[in-house]
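File shown: start.pdb (PDB, C-alpha atoms).
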ATOM      1  CA  MET A   1      -9.374  -0.538  -3.229
ATOM      2  CA  LYS A   2     -12.491  -1.181  -1.215
ATOM      3  CA  LYS A   3     -15.431  -0.158  -3.345
ATOM      4  CA  THR A   4     -19.066  -0.082  -2.358
ATOM      5  CA  ILE A   5     -22.084   0.451  -4.584
ATOM      6  CA  ILE A   6     -25.792   0.278  -4.022
ATOM      7  CA  ILE A   7     -28.238  -0.380  -6.844
ATOM      8  CA  ALA A   8     -31.685   1.104  -6.174
ATOM      9  CA  ALA A   9     -33.959  -1.673  -7.181
ATOM     10  CA  ALA A  10     -37.189  -0.024  -8.221
ATOM     11  CA  LEU A  11     -38.670   3.050  -9.878
ATOM     12  CA  VAL A  12     -35.440   5.049  -9.697
ATOM     13  CA  ALA A  13     -32.905   5.332 -12.553
ATOM     14  CA  MET A  14     -29.307   4.476 -11.670
ATOM     15  CA  THR A  15     -27.237   7.582 -12.367
ATOM     16  CA  ALA A  16     -23.895   7.210 -10.540
ATOM     17  CA  CYS A  17     -21.412   4.670  -9.177
ATOM     18  CA  ASN A  18     -22.469   5.194  -5.559
ATOM     19  CA  LYS A  19     -26.175   4.581  -5.077
ATOM     20  CA  ASN A  20     -28.300   4.774  -1.941
ATOM     21  CA  ILE A  21     -30.958   2.225  -1.095
ATOM     22  CA  ILE A  22     -34.189   4.211  -1.126
ATOM     23  CA  ASN A  23     -37.551   3.691   0.478
ATOM     24  CA  GLU A  24     -39.963   2.733  -2.270
ATOM     25  CA  GLN A  25     -43.608   1.870  -2.583
ATOM     26  CA  VAL A  26     -43.749  -1.728  -3.689
ATOM     27  CA  ALA A  27     -46.524  -2.432  -6.186
ATOM     28  CA  ALA A  28     -49.190  -4.609  -4.678
ATOM     29  CA  GLU A  29     -48.979  -7.150  -7.458
ATOM     30  CA  ALA A  30     -49.433 -10.693  -6.221
ATOM     31  CA  GLY A  31     -46.340 -12.840  -6.572
ATOM     32  CA  TYR A  32     -43.811 -10.053  -7.239
ATOM     33  CA  GLY A  33     -41.193  -8.356  -5.087
ATOM     34  CA  TYR A  34     -38.067  -6.274  -5.565
ATOM     35  CA  ILE A  35     -34.327  -6.767  -5.063
ATOM     36  CA  SER A  36     -32.124  -3.989  -3.710
ATOM     37  CA  LEU A  37     -28.505  -4.852  -4.466
ATOM     38  CA  GLY A  38     -25.412  -3.709  -2.604
ATOM     39  CA  VAL A  39     -21.986  -4.639  -3.960
ATOM     40  CA  THR A  40     -18.596  -4.365  -2.274
ATOM     41  CA  ALA A  41     -15.566  -4.898  -4.488
ATOM     42  CA  ASP A  42     -12.082  -5.364  -3.045
ATOM     43  CA  THR A  43      -9.802  -5.206  -6.073
ATOM     44  CA  GLU A  44      -6.441  -5.252  -4.318
ATOM     45  CA  MET A  45      -4.409  -8.286  -3.246
ATOM     46  CA  VAL A  46      -2.327  -5.974  -1.076
ATOM     47  CA  VAL A  47      -4.266  -3.731   1.278
ATOM     48  CA  ALA A  48      -4.909  -0.313  -0.194
ATOM     49  CA  LYS A  49      -7.803   2.088   0.157
ATOM     50  CA  ALA A  50      -9.482   4.619  -2.093
ATOM     51  CA  ASP A  51     -12.506   6.815  -1.465
ATOM     52  CA  THR A  52     -13.890   6.951  -4.996
ATOM     53  CA  PRO A  53     -15.027   3.653  -6.491
ATOM     54  CA  ASP A  54     -14.714   2.920 -10.185
ATOM     55  CA  LEU A  55     -17.151   0.233 -11.257
ATOM     56  CA  THR A  56     -16.804   0.764 -14.969
ATOM     57  CA  GLY A  57     -17.307  -2.530 -16.761
ATOM     58  CA  TYR A  58     -18.670  -4.493 -13.782
ATOM     59  CA  ASN A  59     -21.249  -7.013 -14.987
ATOM     60  CA  VAL A  60     -24.202  -8.410 -13.034
ATOM     61  CA  THR A  61     -26.070 -11.670 -13.708
ATOM     62  CA  LEU A  62     -29.322 -12.689 -12.039
ATOM     63  CA  LYS A  63     -30.084 -16.423 -11.923
ATOM     64  CA  LYS A  64     -32.961 -18.500 -10.627
ATOM     65  CA  GLY A  65     -31.602 -21.979 -10.065
ATOM     66  CA  GLU A  66     -29.633 -22.850 -13.196
ATOM     67  CA  ASP A  67     -31.650 -20.452 -15.363
ATOM     68  CA  VAL A  68     -30.380 -16.964 -16.175
ATOM     69  CA  VAL A  69     -33.175 -14.439 -15.574
ATOM     70  CA  TRP A  70     -31.096 -11.710 -17.191
ATOM     71  CA  GLY A  71     -27.496 -10.744 -17.741
ATOM     72  CA  PRO A  72     -24.672 -10.454 -17.732
ATOM     73  CA  GLU A  73     -25.407  -6.750 -17.991
ATOM     74  CA  GLU A  74     -23.044  -3.890 -17.260
ATOM     75  CA  TYR A  75     -23.907  -2.288 -13.959
ATOM     76  CA  GLY A  76     -24.415   1.184 -15.332
ATOM     77  CA  SER A  77     -26.889   0.013 -17.971
ATOM     78  CA  ILE A  78     -29.260  -1.990 -15.746
ATOM     79  CA  GLU A  79     -32.769  -0.549 -15.763
ATOM     80  CA  ALA A  80     -34.520  -0.045 -12.440
ATOM     81  CA  ASP A  81     -37.465  -2.258 -13.350
ATOM     82  CA  ALA A  82     -35.117  -5.198 -13.981
ATOM     83  CA  TRP A  83     -35.139  -5.816 -10.231
ATOM     84  CA  LYS A  84     -38.883  -6.477 -10.126
ATOM     85  CA  VAL A  85     -39.051 -10.284 -10.126
ATOM     86  CA  GLU A  86     -41.333 -13.121  -9.179
ATOM     87  CA  ALA A  87     -41.109 -14.325  -5.587
ATOM     88  CA  GLY A  88     -38.544 -17.076  -5.159
ATOM     89  CA  ASN A  89     -34.868 -17.868  -4.626
ATOM     90  CA  TYR A  90     -32.222 -16.139  -6.748
ATOM     91  CA  THR A  91     -28.453 -15.912  -7.101
ATOM     92  CA  ILE A  92     -26.685 -12.689  -8.043
ATOM     93  CA  TYR A  93     -23.235 -12.982  -9.637
ATOM     94  CA  VAL A  94     -20.935  -9.993 -10.167
ATOM     95  CA  GLU A  95     -17.619  -9.812 -12.024
ATOM     96  CA  ASN A  96     -15.443  -7.074 -13.419
ATOM     97  CA  LEU A  97     -14.001  -9.196 -16.254
ATOM     98  CA  THR A  98     -14.362 -12.613 -17.824
ATOM     99  CA  VAL A  99     -11.352 -14.962 -17.734
ATOM    100  CA  ALA A 100     -10.667 -14.272 -21.416
ATOM    101  CA  GLU A 101     -10.759 -10.508 -20.860
ATOM    102  CA  THR A 102      -8.484 -10.789 -17.809
ATOM    103  CA  TYR A 103      -5.590 -12.252 -19.832
ATOM    104  CA  ALA A 104      -6.306 -10.646 -23.196
ATOM    105  CA  THR A 105      -3.058  -8.709 -22.782
ATOM    106  CA  GLU A 106      -0.004  -9.606 -20.708
ATOM    107  CA  PRO A 107       0.681  -9.618 -17.845
ATOM    108  CA  GLY A 108      -3.052  -9.755 -17.106
ATOM    109  CA  VAL A 109      -5.052  -7.837 -14.502
ATOM    110  CA  VAL A 110      -7.005  -8.485 -11.318
ATOM    111  CA  ARG A 111     -10.257 -10.400 -11.915
ATOM    112  CA  VAL A 112     -12.853  -9.656  -9.236
ATOM    113  CA  THR A 113     -15.937 -11.823  -8.674
ATOM    114  CA  GLY A 114     -18.604 -12.454  -6.079
ATOM    115  CA  GLN A 115     -22.039 -13.949  -5.657
ATOM    116  CA  ASN A 116     -24.796 -14.204  -3.086
ATOM    117  CA  ASP A 117     -28.216 -15.824  -2.757
ATOM    118  CA  VAL A 118     -31.381 -13.855  -2.082
ATOM    119  CA  THR A 119     -34.956 -14.906  -1.339
ATOM    120  CA  VAL A 120     -37.573 -12.530  -2.757
ATOM    121  CA  THR A 121     -40.927 -12.264  -0.980
ATOM    122  CA  ALA A 122     -44.017 -11.035  -2.805
ATOM    123  CA  GLY A 123     -44.761  -7.366  -2.145
ATOM    124  CA  VAL A 124     -41.432  -6.779  -0.365
ATOM    125  CA  SER A 125     -38.161  -5.084  -1.334
ATOM    126  CA  THR A 126     -35.382  -7.490  -0.310
ATOM    127  CA  SER A 127     -31.785  -6.307   0.155
ATOM    128  CA  CYS A 128     -28.832  -8.386  -1.043
ATOM    129  CA  THR A 129     -25.135  -7.563  -0.643
ATOM    130  CA  VAL A 130     -22.548  -9.205  -2.893
ATOM    131  CA  ASN A 131     -18.972  -9.091  -1.554
ATOM    132  CA  CYS A 132     -16.470  -9.300  -4.402
ATOM    133  CA  ARG A 133     -12.829 -10.337  -4.027
ATOM    134  CA  PRO A 134      -9.993 -11.151  -6.406
ATOM    135  CA  ALA A 135     -10.529 -14.529  -8.051
ATOM    136  CA  ASN A 136      -7.067 -14.923  -9.542
ATOM    137  CA  SER A 137      -3.521 -14.736  -8.135
ATOM    138  CA  LYS A 138      -0.512 -12.456  -8.587
ATOM    139  CA  VAL A 139       3.139 -13.519  -8.988
ATOM    140  CA  SER A 140       6.453 -11.649  -8.944
ATOM    141  CA  PHE A 141      10.149 -12.608  -8.870
ATOM    142  CA  MET A 142      13.244 -11.021  -7.344
ATOM    143  CA  TYR A 143      16.856 -12.009  -6.660
ATOM    144  CA  SER A 144      18.801 -11.707  -3.407
ATOM    145  CA  PRO A 145      22.162  -9.927  -3.082
ATOM    146  CA  GLU A 146      23.851 -13.355  -2.784
ATOM    147  CA  PHE A 147      22.242 -14.492  -6.021
ATOM    148  CA  ASP A 148      23.393 -11.301  -7.730
ATOM    149  CA  VAL A 149      27.006 -12.038  -6.745
ATOM    150  CA  VAL A 150      26.981 -15.454  -8.401
ATOM    151  CA  PHE A 151      24.609 -15.088 -11.369
ATOM    152  CA  ASP A 152      24.207 -12.529 -14.148
ATOM    153  CA  GLU A 153      21.342 -11.552 -16.448
ATOM    154  CA  PRO A 154      18.499 -13.489 -14.788
ATOM    155  CA  ALA A 155      15.252 -13.861 -16.727
ATOM    156  CA  VAL A 156      12.193 -15.921 -15.904
ATOM    157  CA  SER A 157       9.108 -17.260 -17.640
ATOM    158  CA  VAL A 158       6.002 -18.782 -16.075
ATOM    159  CA  LYS A 159       4.007 -21.533 -17.737
ATOM    160  CA  GLU A 160       0.358 -21.708 -16.727
ATOM    161  CA  SER A 161      -0.830 -24.075 -19.411
ATOM    162  CA  ASP A 162       0.064 -25.182 -22.908
ATOM    163  CA  ALA A 163      -1.709 -22.079 -24.148
ATOM    164  CA  ARG A 164      -0.066 -19.460 -21.918
ATOM    165  CA  THR A 165       3.546 -18.756 -21.025
ATOM    166  CA  VAL A 166       4.420 -15.341 -19.583
ATOM    167  CA  GLU A 167       7.883 -13.783 -19.861
ATOM    168  CA  MET A 168       8.623 -11.895 -16.647
ATOM    169  CA  THR A 169      11.235  -9.591 -15.143
ATOM    170  CA  VAL A 170      13.402 -10.522 -12.151
ATOM    171  CA  GLY A 171      13.964  -7.399 -10.094
ATOM    172  CA  GLU A 172      15.884  -6.335  -7.024
ATOM    173  CA  SER A 173      12.593  -6.208  -5.121
ATOM    174  CA  HIS A 174       8.987  -7.344  -5.525
ATOM    175  CA  LEU A 175       7.172  -4.612  -7.429
ATOM    176  CA  GLU A 176       3.694  -4.222  -8.886
ATOM    177  CA  ALA A 177       5.323  -3.305 -12.180
ATOM    178  CA  ASN A 178       7.082  -6.695 -12.352
ATOM    179  CA  ALA A 179       4.050  -8.788 -11.376
ATOM    180  CA  ALA A 180       1.750 -10.900 -13.543
ATOM    181  CA  TYR A 181      -1.637 -12.490 -12.928
ATOM    182  CA  PHE A 182      -2.642 -16.147 -13.160
ATOM    183  CA  GLU A 183      -5.531 -18.407 -12.278
ATOM    184  CA  PRO A 184      -4.824 -20.071  -8.908
ATOM    185  CA  GLY A 185      -3.168 -23.474  -9.151
ATOM    186  CA  THR A 186       0.107 -25.125 -10.100
ATOM    187  CA  LEU A 187       2.463 -23.105 -12.295
ATOM    188  CA  THR A 188       6.019 -23.712 -13.519
ATOM    189  CA  TRP A 189       8.771 -21.106 -13.461
ATOM    190  CA  THR A 190      11.871 -21.418 -15.642
ATOM    191  CA  LEU A 191      14.901 -19.313 -14.790
ATOM    192  CA  THR A 192      17.812 -18.624 -17.116
ATOM    193  CA  ALA A 193      20.952 -16.903 -15.812
ATOM    194  CA  LYS A 194      24.626 -16.705 -16.657
ATOM    195  CA  LEU A 195      27.145 -18.401 -14.390
ATOM    196  CA  GLY A 196      30.739 -17.637 -15.280
ATOM    197  CA  GLY A 197      29.675 -16.649 -18.772
ATOM    198  CA  GLU A 198      27.725 -19.880 -19.333
ATOM    199  CA  THR A 199      23.937 -19.797 -19.527
ATOM    200  CA  LYS A 200      22.234 -22.051 -16.983
ATOM    201  CA  THR A 201      18.558 -23.060 -16.877
ATOM    202  CA  TYR A 202      16.569 -24.002 -13.773
ATOM    203  CA  SER A 203      12.881 -24.902 -13.450
ATOM    204  CA  LYS A 204      10.427 -25.731 -10.671
ATOM    205  CA  ASP A 205       6.693 -26.059 -10.037
ATOM    206  CA  PHE A 206       4.956 -23.839  -7.493
ATOM    207  CA  THR A 207       1.376 -23.245  -6.381
ATOM    208  CA  THR A 208      -0.491 -19.953  -6.218
ATOM    209  CA  VAL A 209      -3.528 -19.156  -4.081
ATOM    210  CA  LYS A 210      -6.678 -17.221  -4.909
ATOM    211  CA  ALA A 211      -6.483 -13.552  -3.898
ATOM    212  CA  LYS A 212      -2.830 -13.919  -2.780
ATOM    213  CA  TRP A 213       0.391 -12.388  -4.114
ATOM    214  CA  THR A 214       3.038 -15.116  -4.488
ATOM    215  CA  GLN A 215       6.536 -13.636  -4.230
ATOM    216  CA  VAL A 216       9.381 -15.888  -5.399
ATOM    217  CA  THR A 217      12.919 -14.906  -4.380
ATOM    218  CA  PHE A 218      15.950 -16.464  -6.032
ATOM    219  CA  THR A 219      18.982 -16.902  -3.818
ATOM    220  CA  THR A 220      21.993 -19.201  -3.460
ATOM    221  CA  GLY A 221      23.244 -21.152  -0.476
ATOM    222  CA  SER A 222      26.816 -19.909  -0.831
ATOM    223  CA  THR A 223      28.762 -17.306  -2.764
ATOM    224  CA  ASP A 224      31.863 -19.493  -2.465
ATOM    225  CA  GLY A 225      33.159 -21.347  -5.483
ATOM    226  CA  GLN A 226      35.215 -24.469  -5.927
ATOM    227  CA  ILE A 227      39.021 -24.746  -6.092
ATOM    228  CA  GLN A 228      40.587 -26.685  -8.918
ATOM    229  CA  VAL A 229      44.175 -27.801  -8.168
ATOM    230  CA  THR A 230      46.450 -28.970 -10.964
ATOM    231  CA  ILE A 231      49.688 -30.723  -9.856
ATOM    232  CA  THR A 232      52.439 -31.243 -12.373
ATOM    233  CA  VAL A 233      55.154 -33.762 -11.377
ATOM    234  CA  ASP A 234      58.440 -33.247 -13.131
ATOM    235  CA  GLY A 235      62.054 -34.018 -12.334
ATOM    236  CA  GLU A 236      64.358 -36.798 -13.200
ATOM    237  CA  ILE A 237      61.479 -38.970 -14.195
ATOM    238  CA  THR A 238      60.717 -38.252 -17.792
ATOM    239  CA  GLU A 239      57.010 -39.080 -17.777
ATOM    240  CA  VAL A 240      54.668 -36.400 -16.509
ATOM    241  CA  GLU A 241      51.491 -37.266 -14.581
ATOM    242  CA  THR A 242      48.811 -34.617 -14.225
ATOM    243  CA  ILE A 243      46.248 -34.846 -11.434
ATOM    244  CA  THR A 244      43.204 -32.603 -11.184
ATOM    245  CA  ALA A 245      41.561 -32.346  -7.762
ATOM    246  CA  THR A 246      38.233 -30.541  -7.343
ATOM    247  CA  ILE A 247      37.688 -29.411  -3.778
ATOM    248  CA  ASP A 248      34.280 -28.307  -2.517
ATOM    249  CA  PRO A 249      34.997 -25.691   0.183
ATOM    250  CA  ILE A 250      31.637 -26.259   1.804
ATOM    251  CA  THR A 251      31.468 -30.031   2.166
ATOM    252  CA  GLY A 252      35.162 -30.803   1.955
ATOM    253  CA  ASP A 253      34.540 -33.392  -0.758
ATOM    254  CA  ILE A 254      37.377 -33.913  -3.217
ATOM    255  CA  GLU A 255      36.957 -35.311  -6.689
TER     256      GLU A 255
END
Target encoding structure tokens, full file:
Amino acid sequence: MKKTIIIAAALVAMTACNKNIINEQVAAEAGYGYISLGVTADTEMVVAKADTPDLTGYNVTLKKGEDVVWGPEEYGSIEADAWKVEAGNYTIYVENLTVAETYATEPGVVRVTGQNDVTVTAGVSTSCTVNCRPANSKVSFMYSPEFDVVFDEPAVSVKESDARTVEMTVGESHLEANAAYFEPGTLTWTLTAKLGGETKTYSKDFTTVKAKWTQVTFTTGSTDGQIQVTITVDGEITEVETITATIDPITGDIE
């Protein structure tokens, strides 16, 4: 969802999610100016649109260099006079959730962040727009029809770190309901599935990208099996010799 908000930066209380930048009389106090903040928040990793933004829980932090001037404060609770600041260079950081809050419950949610720099001039109201995008990644798993012919009861888990392993569903297609969220980077999936009644385990590393949905599809190169031939030699010779030949129908190799 593409969401846009405007915070009126002076002398006007913020009363709704959508705010209009207003014309204001800037106090003629030497060394002070105002910041008018506009925020866009794209919370979807797959394109989708909505007309009504929901910015509940979005937090804003105002920094000057490495020093926090104020925040993080929830958007809806910021007072109008908070945006009256000394002239100088500032950074505005916006996020909907902290990392800890994002993964407090499985399978996690989208974490949206953004920041922008603004230079405030004394006696002037300066506009600043912060464009927010997803900061984490999304992952889902599905199996192909060929895989379904060979394997039964697939299940997968994803290890992000020693502290977090997520049990996930393998579906017939990639669905939002089957997806989980992770910080971008190297992850490890582990697949368990039954092959001929025997449980097999497979594992592999993969890399996710910020603001991207990684879709992993399990398939198999061939639905053909192997032929086992047992030859029993019997006749006038009393000793019996048994030979087992394993033939790979794909490569033609015989063991």
How close does each residue of range 199-223 of chain A get to range 169-178 of chain A, giving the shortest atom pair and distance in Å to one decimal for every residue with an atom at most 9 Å away, counting only C-alpha atoms, sorted by chain and residue number, as JSON lines?
{"residue": "A:Gln215", "atom": "CA", "partner": "A:His174", "partner_atom": "CA", "distance": 6.9}
{"residue": "A:Val216", "atom": "CA", "partner": "A:His174", "partner_atom": "CA", "distance": 8.6}
{"residue": "A:Thr217", "atom": "CA", "partner": "A:His174", "partner_atom": "CA", "distance": 8.6}
{"residue": "A:Phe218", "atom": "CA", "partner": "A:Val170", "partner_atom": "CA", "distance": 8.9}
Resulting file, chosen residues, C-alpha atoms, as a PDB file, keeping the file's coordinate frame:
ATOM      1  CA  GLN A 215       6.536 -13.636  -4.230  1.00  0.00           C
ATOM      2  CA  VAL A 216       9.381 -15.888  -5.399  1.00  0.00           C
ATOM      3  CA  THR A 217      12.919 -14.906  -4.380  1.00  0.00           C
ATOM      4  CA  PHE A 218      15.950 -16.464  -6.032  1.00  0.00           C
TER       5      PHE A 218
END
Report task. Run the PyMOL selection byres ((chain A and resi 109-113) around 12) mentally over the shown coordinates, then write out the matched residues as an MDAnalysis selection string, using the chain letters and numbers from the document. Result -> chainID A and resid 1:3 39:46 55 57:61 92:108 114:116 130:139 176:177 179:184 210:213
Query - Neighbour list for Lys204 in chain A as number ranges by chain, cut-off 12 Å, only C-alpha atoms, skip fewer than 5 positions in-chain - result: A: 156-159, 186-191, 216, 218
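Our summary of the geometry notes that CA of Glu198 in chain A is positioned 28.4 Å from CA of Asp162 in chain A.
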Requested in this report: Please return, as a ChimeraX atom specification, all polymer residues that have at least one atom within 7 Å of the point (16.0, -20.3, -17.4); use all atoms listed in the file and the file's own coordinate frame.
Outcome: /A:155-156,190-193,200-203
Requested in this report: Step by step: start from the point (-42.8, -10.8, -7.0) in the file's coordinates, keep every protein, DNA or RNA residue that has an atom no farther than 9 Å from it, count all atoms listed in the file, and write the set as number ranges by chain.
Outcome: A: 29-34, 84-88, 120-124
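Distance-wise, CA of Ile35 in chain A and CA of Trp70 in chain A end up 13.5 Å apart.
The smallest atom-to-atom distance between Thr208 in chain A and any of A:Thr119, A:Thr56, A:Asn89, A:Ser140, using all atoms listed in the file, is found for A:Ser140.
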Report task. Could you please determine the separation between CA of Gly185 in chain A and CA of Ser144 in chain A in Å, to one decimal place? Result -> 25.6 Å
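Each of A:Phe141, A:Trp83, A:Phe151, A:Tyr90 was compared to Gly197 in chain A using all atoms listed in the file, and A:Phe151 turns out to be the nearest.
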